[in-house]
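Below: work.cif (mmCIF, C-alpha atoms)
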data_work
loop_
_atom_site.label_atom_id
_atom_site.label_comp_id
_atom_site.auth_asym_id
_atom_site.auth_seq_id
_atom_site.Cartn_x
_atom_site.Cartn_y
_atom_site.Cartn_z
CA MET H 1 -33.47 8.65 -2.84
CA SER H 2 -32.62 6.30 -5.69
CA ALA H 3 -29.92 3.67 -5.48
CA THR H 4 -27.82 5.46 -8.06
CA SER H 5 -27.80 8.72 -6.05
CA THR H 6 -27.05 7.14 -2.68
CA PRO H 7 -23.56 8.23 -1.59
CA THR H 8 -21.03 5.49 -0.98
CA GLY H 9 -18.79 7.59 1.26
CA THR H 10 -19.29 9.07 4.69
CA ARG H 11 -18.60 12.48 6.14
CA ALA H 12 -15.40 11.13 7.69
CA THR H 13 -14.09 9.55 4.48
CA ARG H 14 -14.88 12.69 2.51
CA ALA H 15 -12.96 14.80 5.03
CA LEU H 16 -10.07 12.35 4.85
CA GLY H 17 -10.18 12.52 1.05
CA PHE H 18 -10.04 16.33 0.99
CA ALA H 19 -7.19 16.35 3.52
CA THR H 20 -5.26 13.82 1.43
CA LEU H 21 -5.84 15.87 -1.72
CA ALA H 22 -4.55 19.00 0.00
CA LEU H 23 -1.43 17.20 1.21
CA THR H 24 -0.89 15.76 -2.28
CA VAL H 25 -0.85 19.26 -3.77
CA TRP H 26 1.56 20.35 -1.03
CA LEU H 27 3.79 17.34 -1.72
CA ILE H 28 3.88 18.07 -5.46
CA ALA H 29 4.85 21.67 -4.78
CA PHE H 30 7.62 20.74 -2.35
CA GLY H 31 8.82 17.74 -4.32
CA LEU H 32 9.08 19.50 -7.68
CA PHE H 33 9.81 23.12 -6.85
CA VAL H 34 10.76 23.82 -3.21
CA SER H 35 13.08 20.95 -2.29
CA ALA H 36 16.64 21.36 -3.53
CA GLU H 37 18.37 19.13 -6.05
CA ASP H 38 20.87 16.54 -4.85
CA VAL H 39 24.55 17.46 -5.25
CA VAL H 40 25.22 14.14 -7.02
CA GLN H 41 21.92 12.96 -8.52
CA GLY H 42 20.47 16.35 -9.37
CA SER H 43 16.73 16.44 -10.05
CA THR H 44 16.50 12.64 -10.27
CA VAL H 45 16.47 12.52 -6.46
CA ARG H 46 12.89 13.82 -6.62
CA ILE H 47 11.78 10.29 -7.56
CA MET H 48 12.53 9.44 -3.93
CA TYR H 49 9.44 11.35 -2.81
CA VAL H 50 7.25 8.77 -4.57
CA HIS H 51 9.50 5.70 -4.45
CA VAL H 52 10.11 5.58 -0.69
CA PRO H 53 6.51 6.37 0.42
CA SER H 54 5.22 3.74 -2.02
CA ILE H 55 7.21 0.87 -0.53
CA TRP H 56 6.39 2.16 2.97
CA VAL H 57 2.67 1.96 2.20
CA ALA H 58 3.13 -1.51 0.73
CA TYR H 59 4.78 -2.66 3.97
CA VAL H 60 1.94 -1.15 6.02
CA ALA H 61 -0.66 -2.73 3.75
CA PHE H 62 0.78 -6.23 3.98
CA VAL H 63 1.30 -6.00 7.74
CA LEU H 64 -2.31 -4.87 8.13
CA THR H 65 -3.42 -7.80 5.97
CA ALA H 66 -1.54 -10.17 8.26
CA VAL H 67 -2.83 -8.58 11.48
CA VAL H 68 -6.51 -8.66 10.55
CA SER H 69 -6.03 -12.19 9.19
CA ALA H 70 -4.62 -13.23 12.56
CA VAL H 71 -7.62 -11.65 14.27
CA TYR H 72 -9.94 -13.66 12.05
CA LEU H 73 -8.10 -16.93 12.69
CA SER H 74 -7.92 -16.31 16.44
CA GLY H 75 -11.58 -17.26 16.74
CA LYS H 76 -12.45 -14.32 18.97
CA ASN H 77 -14.13 -12.49 16.13
CA ARG H 78 -14.86 -14.47 12.97
CA SER H 79 -16.59 -11.57 11.22
CA LEU H 80 -16.00 -11.56 7.48
CA ALA H 81 -15.36 -7.82 7.77
CA TRP H 82 -11.81 -8.69 8.87
CA ASP H 83 -11.34 -10.76 5.73
CA ARG H 84 -12.59 -7.94 3.54
CA VAL H 85 -10.19 -5.48 5.15
CA ALA H 86 -7.39 -7.99 4.56
CA GLY H 87 -8.31 -8.34 0.90
CA ALA H 88 -8.68 -4.60 0.37
CA SER H 89 -5.35 -3.88 2.06
CA ALA H 90 -3.54 -6.53 0.01
CA GLU H 91 -4.94 -5.20 -3.27
CA ILE H 92 -3.74 -1.68 -2.45
CA GLY H 93 -0.40 -3.01 -1.24
CA VAL H 94 0.14 -4.73 -4.59
CA LEU H 95 -0.60 -1.44 -6.34
CA PHE H 96 1.98 0.43 -4.30
CA VAL H 97 4.63 -2.27 -4.73
CA ALA H 98 4.10 -1.90 -8.47
CA ILE H 99 4.58 1.87 -8.17
CA SER H 100 7.73 1.30 -6.13
CA LEU H 101 9.14 -1.10 -8.72
CA ILE H 102 8.35 1.27 -11.60
CA THR H 103 9.82 4.35 -9.94
CA GLY H 104 12.81 2.31 -8.79
CA SER H 105 13.43 1.15 -12.35
CA LEU H 106 13.27 4.72 -13.64
CA TRP H 107 15.62 5.85 -10.88
CA GLY H 108 17.97 2.98 -11.67
CA ARG H 109 18.03 3.91 -15.35
CA LEU H 110 19.09 7.45 -14.46
CA THR H 111 21.68 6.50 -11.83
CA TRP H 112 22.93 3.02 -12.83
CA GLY H 113 22.30 3.26 -16.57
CA THR H 114 19.86 0.34 -16.64
CA TYR H 115 16.23 -0.25 -15.71
CA TRP H 116 16.86 -3.55 -13.94
CA VAL H 117 19.63 -5.52 -12.30
CA TRP H 118 19.33 -8.73 -10.33
CA ASP H 119 20.14 -6.87 -7.15
CA ALA H 120 19.09 -8.28 -3.77
CA ARG H 121 16.65 -5.46 -2.99
CA LEU H 122 15.10 -5.39 -6.45
CA THR H 123 14.80 -9.16 -6.72
CA SER H 124 13.30 -9.60 -3.24
CA THR H 125 10.82 -6.77 -3.88
CA ALA H 126 9.76 -8.37 -7.16
CA PHE H 127 9.28 -11.68 -5.33
CA LEU H 128 7.15 -9.89 -2.72
CA PHE H 129 5.01 -8.47 -5.52
CA ILE H 130 4.55 -11.91 -7.09
CA THR H 131 3.70 -13.46 -3.71
CA TYR H 132 0.84 -11.06 -3.10
CA ILE H 133 -0.40 -11.44 -6.66
CA GLY H 134 -0.65 -15.11 -5.70
CA TYR H 135 -2.48 -14.15 -2.51
CA LEU H 136 -5.08 -12.27 -4.52
CA ALA H 137 -5.39 -15.24 -6.88
CA VAL H 138 -6.05 -17.54 -3.92
CA ARG H 139 -8.79 -15.20 -2.75
CA GLY H 140 -10.45 -15.65 -6.12
CA LEU H 141 -10.68 -19.42 -5.89
CA GLY H 142 -14.04 -21.06 -5.44
CA GLY H 143 -15.68 -21.99 -2.16
CA THR H 144 -17.65 -20.26 0.55
CA PHE H 145 -16.78 -16.89 2.08
CA ARG H 146 -15.49 -18.69 5.20
CA GLN H 147 -13.26 -20.95 3.14
CA ARG H 148 -11.89 -17.93 1.28
CA ALA H 149 -11.21 -16.12 4.54
CA ARG H 150 -9.50 -19.08 6.18
CA ARG H 151 -7.14 -20.01 3.35
CA SER H 152 -6.32 -16.36 2.62
CA ALA H 153 -5.54 -15.66 6.27
CA VAL H 154 -3.07 -18.54 6.48
CA LEU H 155 -1.30 -17.38 3.32
CA ALA H 156 -1.20 -13.78 4.57
CA LEU H 157 0.59 -14.84 7.77
CA LEU H 158 3.21 -16.67 5.72
CA ALA H 159 3.65 -13.97 3.06
CA VAL H 160 4.27 -11.16 5.56
CA LEU H 161 7.49 -12.90 6.64
CA GLU H 162 9.03 -11.69 3.39
CA ILE H 163 8.96 -8.04 4.47
CA PRO H 164 11.99 -8.23 6.82
CA LEU H 165 13.88 -10.07 4.08
CA VAL H 166 13.14 -7.28 1.60
CA HIS H 167 13.89 -4.47 4.03
CA PHE H 168 17.20 -5.86 5.29
CA SER H 169 18.34 -7.31 1.96
CA VAL H 170 20.79 -4.43 1.46
CA VAL H 171 22.46 -5.40 4.74
CA ILE H 172 22.32 -9.18 4.37
CA TRP H 173 23.75 -9.21 0.83
CA ARG H 174 26.04 -6.87 -1.05
CA SER H 175 23.68 -4.63 -2.93
CA LEU H 176 23.78 -1.76 -5.40
CA HIS H 177 20.80 -0.31 -3.60
CA GLN H 178 21.83 2.19 -0.94
CA GLU H 179 20.91 1.61 2.70
CA SER H 180 18.37 3.74 4.50
CA THR H 181 19.52 7.35 4.69
CA VAL H 182 17.04 8.22 7.45
CA ALA H 183 17.15 5.34 9.92
CA ASN H 184 20.82 4.46 9.36
CA SER H 185 23.14 7.08 10.87
CA GLY H 186 26.22 5.25 9.60
CA THR H 187 25.57 5.99 5.93
CA ASP H 188 27.63 8.58 4.06
CA VAL H 189 24.49 9.99 2.44
CA GLU H 190 22.58 12.66 4.33
CA LEU H 191 19.41 14.56 3.52
CA ASP H 192 19.14 18.26 4.22
CA GLY H 193 16.26 19.53 6.31
CA LEU H 194 13.94 20.43 3.45
CA MET H 195 14.52 17.16 1.62
CA LEU H 196 13.88 15.22 4.81
CA PHE H 197 10.69 17.20 5.45
CA THR H 198 9.45 16.54 1.91
CA LEU H 199 10.16 12.83 2.28
CA PHE H 200 8.17 12.61 5.52
CA LEU H 201 5.41 14.68 3.92
CA GLY H 202 5.26 12.05 1.19
CA ILE H 203 5.06 9.23 3.73
CA VAL H 204 2.22 10.95 5.61
CA THR H 205 0.35 11.77 2.39
CA PHE H 206 0.65 8.27 0.97
CA THR H 207 -0.37 6.74 4.31
CA MET H 208 -3.53 8.85 4.42
CA LEU H 209 -4.27 7.89 0.83
CA PHE H 210 -3.88 4.24 1.78
CA VAL H 211 -6.36 4.57 4.66
CA TRP H 212 -8.87 6.31 2.41
CA MET H 213 -8.51 3.63 -0.27
CA VAL H 214 -8.89 0.77 2.22
CA LEU H 215 -12.08 2.26 3.67
CA HIS H 216 -13.67 2.51 0.25
CA ARG H 217 -12.36 -0.75 -1.15
CA GLN H 218 -13.53 -2.87 1.77
CA ARG H 219 -17.02 -1.41 1.35
CA GLY H 220 -16.86 -2.39 -2.30
CA LEU H 221 -15.90 -5.92 -1.31
CA ALA H 222 -18.78 -6.01 1.19
CA LEU H 223 -21.17 -5.04 -1.60
CA GLN H 224 -19.68 -7.69 -3.84
CA ASP H 225 -20.16 -10.34 -1.15
CA ALA H 226 -23.73 -9.21 -0.63
CA VAL H 227 -24.41 -9.50 -4.36
CA ASP H 228 -22.95 -13.00 -4.43
CA ALA H 229 -24.90 -14.07 -1.36
CA HIS H 230 -28.29 -12.39 -1.80
CA GLY H 231 -28.49 -10.74 -5.18
CA LEU H 232 -28.06 -7.20 -6.45
CA ASP H 233 -31.29 -5.71 -5.08
CA VAL H 234 -30.57 -6.78 -1.50
CA ALA H 235 -26.99 -5.52 -1.73
CA ILE H 236 -28.11 -2.07 -2.92
CA GLU H 237 -30.70 -1.86 -0.16
CA GLN H 238 -28.14 -2.77 2.49
CA ARG H 239 -25.72 -0.14 1.20
CA ARG H 240 -28.51 2.48 1.15
CA GLN H 241 -29.42 1.72 4.76
CA GLU H 242 -25.76 1.96 5.77
CA ALA H 243 -25.43 5.38 4.10
CA GLU H 244 -28.61 6.67 5.77
CA VAL H 245 -27.36 5.61 9.22
CA ARG H 246 -24.05 7.42 8.68
#
Once more with this new file: its structure as structure tokens, please.
Amino acid sequence: MSATSTPTGTRATRALGFATLALTVWLIAFGLFVSAEDVVQGSTVRIMYVHVPSIWVAYVAFVLTAVVSAVYLSGKNRSLAWDRVAGASAEIGVLFVAISLITGSLWGRLTWGTYWVWDARLTSTAFLFITYIGYLAVRGLGGTFRQRARRSAVLALLAVLEIPLVHFSVVIWRSLHQESTVANSGTDVELDGLMLFTLFLGIVTFTMLFVWMVLHRQRGLALQDAVDAHGLDVAIEQRRQEAEVR
């Protein structure tokens, strides 16, 4: 089998991909056609089914980056695989923060009449996005793989401290952004059963998509490291052997 025809996925990742695709179709159907409109916001509430799962996945991604970074720094397992998972998770987290900011801006335009206000939630989320852009930039600095892993891990443990600030910003400061309508029973806003189901369907779907993306991206980073360390031919051979074993 040639290098170009060697599959980069596994049976498990392909199954996960098909399951995620099926749930995505289900989410689109429920989000656009089955779930009812909001009595106040009308059809604009449907943005919630992308906006909320996106920031949820970003939180999960950045927490995962911090956890695997801590494992690497602990000294019990200094495998560079932990660093690659951290990098892959952070890259995907940045993508989903961007999606959350874009959908939030569109939602704000429809409900507040403007794409952006210097609101506590919006500003802190933008700062989180910039922080992890910086994290990715630090990963791209020169040095050995071990140096990259060490400095990135330290930064990841500091950056993750921003997540509670972002999440509770609507409570700490007076904010235009509404508080959580699911976890906060004291809010005046309630979701009906079908809307709540669609929201959780979105969270599950986006989470599965995140897992699938991390699995593939960290393999891509492993190949990139192998190319940098040993050259392209060795990297392709290693990836072919990995695919044959699986």
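Proximity ranking of H:Ala137, H:Ala58, H:Ala90, H:Val63 relative to Thr125 of chain H places H:Ala58 first, based on only C-alpha atoms.
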Item to complete: Around the point (-17.9, -9.5, 7.6) in the file's coordinates, collect all residues with an atom within 10 Å, using only C-alpha atoms, and return them as a VMD selection string.
Response: chain H and resid 77 to 85 145 to 146 149 218 221 to 222 225
Write to file, as a short mmCIF file (atom, residue, chain, number, x, y, z; two decimals), keeping the file's coordinate frame, the residues of the selection just made, with C-alpha atoms.
data_model
loop_
_atom_site.label_atom_id
_atom_site.label_comp_id
_atom_site.auth_asym_id
_atom_site.auth_seq_id
_atom_site.Cartn_x
_atom_site.Cartn_y
_atom_site.Cartn_z
CA ASN H 77 -14.13 -12.49 16.13
CA ARG H 78 -14.86 -14.47 12.97
CA SER H 79 -16.59 -11.57 11.22
CA LEU H 80 -16.00 -11.56 7.48
CA ALA H 81 -15.36 -7.82 7.77
CA TRP H 82 -11.81 -8.69 8.87
CA ASP H 83 -11.34 -10.76 5.73
CA ARG H 84 -12.59 -7.94 3.54
CA VAL H 85 -10.19 -5.48 5.15
CA PHE H 145 -16.78 -16.89 2.08
CA ARG H 146 -15.49 -18.69 5.20
CA ALA H 149 -11.21 -16.12 4.54
CA GLN H 218 -13.53 -2.87 1.77
CA LEU H 221 -15.90 -5.92 -1.31
CA ALA H 222 -18.78 -6.01 1.19
CA ASP H 225 -20.16 -10.34 -1.15
#
Starting from the PyMOL selection byres ((chain H and resi 214-217) around 8), expand the selection into actual residues of this file and give them as a PDB file with C-alpha atoms, keeping the file's coordinate frame.
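Listing of expr.pdb after writing:
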ATOM      1  CA  GLY H   9     -18.790   7.590   1.260  1.00  0.00           C
ATOM      2  CA  THR H  13     -14.090   9.550   4.480  1.00  0.00           C
ATOM      3  CA  VAL H  85     -10.190  -5.480   5.150  1.00  0.00           C
ATOM      4  CA  ALA H  88      -8.680  -4.600   0.370  1.00  0.00           C
ATOM      5  CA  SER H  89      -5.350  -3.880   2.060  1.00  0.00           C
ATOM      6  CA  ILE H  92      -3.740  -1.680  -2.450  1.00  0.00           C
ATOM      7  CA  PHE H 210      -3.880   4.240   1.780  1.00  0.00           C
ATOM      8  CA  VAL H 211      -6.360   4.570   4.660  1.00  0.00           C
ATOM      9  CA  TRP H 212      -8.870   6.310   2.410  1.00  0.00           C
ATOM     10  CA  MET H 213      -8.510   3.630  -0.270  1.00  0.00           C
ATOM     11  CA  GLN H 218     -13.530  -2.870   1.770  1.00  0.00           C
ATOM     12  CA  ARG H 219     -17.020  -1.410   1.350  1.00  0.00           C
ATOM     13  CA  GLY H 220     -16.860  -2.390  -2.300  1.00  0.00           C
ATOM     14  CA  LEU H 221     -15.900  -5.920  -1.310  1.00  0.00           C
TER      15      LEU H 221
END
Chain and number of each residue from the PyMOL selection byres ((chain H and resi 26) around 12), as a compact mmCIF listing (two decimals) with C-alpha atoms, keeping the file's coordinate frame:
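That gives us result.txt:
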# COMPACT_ATOMS: atom_id res chain seq x y z
CA ALA H 19 -7.19 16.35 3.52
CA THR H 20 -5.26 13.82 1.43
CA LEU H 21 -5.84 15.87 -1.72
CA ALA H 22 -4.55 19.00 0.00
CA LEU H 23 -1.43 17.20 1.21
CA THR H 24 -0.89 15.76 -2.28
CA VAL H 25 -0.85 19.26 -3.77
CA LEU H 27 3.79 17.34 -1.72
CA ILE H 28 3.88 18.07 -5.46
CA ALA H 29 4.85 21.67 -4.78
CA PHE H 30 7.62 20.74 -2.35
CA GLY H 31 8.82 17.74 -4.32
CA LEU H 32 9.08 19.50 -7.68
CA PHE H 33 9.81 23.12 -6.85
CA VAL H 34 10.76 23.82 -3.21
CA SER H 35 13.08 20.95 -2.29
CA PHE H 197 10.69 17.20 5.45
CA THR H 198 9.45 16.54 1.91
CA LEU H 199 10.16 12.83 2.28
CA LEU H 201 5.41 14.68 3.92
CA GLY H 202 5.26 12.05 1.19
CA VAL H 204 2.22 10.95 5.61
CA THR H 205 0.35 11.77 2.39
Worksheet item: Selected by the PyMOL selection byres ((chain H and resi 60-62) around 12) in the shown coordinates: which residues, as a ChimeraX atom specification?
Response: /H:53-59,63-69,85-97,128-129,131-133,135-136,153,155-164,203,206-211,213-214
Worksheet entry | Atomic distance atom CA of Leu196 of chain H - atom CA of Trp112 of chain H, expressed in Å with one decimal |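 Computed distance, atom CA of Leu196 of chain H to atom CA of Trp112 of chain H, equals 23.3 Å.
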Discussion item. Between atom CA of Asp192 of chain H and atom CA of Gly108 of chain H, what is the distance in Å, rounded to a tenth?
Written reply: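 About the pair atom CA of Asp192 of chain H and atom CA of Gly108 of chain H: they are 22.1 Å apart.
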Worksheet item: Suppose you want the space between atom CA of Gly104 of chain H and atom CA of Ile47 of chain H; what is it in Å?
Response: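 Atom-to-atom, atom CA of Gly104 of chain H to atom CA of Ile47 of chain H, that is 8.1 Å.
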Discussion item. When you count only C-alpha atoms, which of these residues is closest to Leu73 of chain H: H:Gln224, H:Ser124, H:Gln241, H:Gln147?
Written reply: H:Gln147
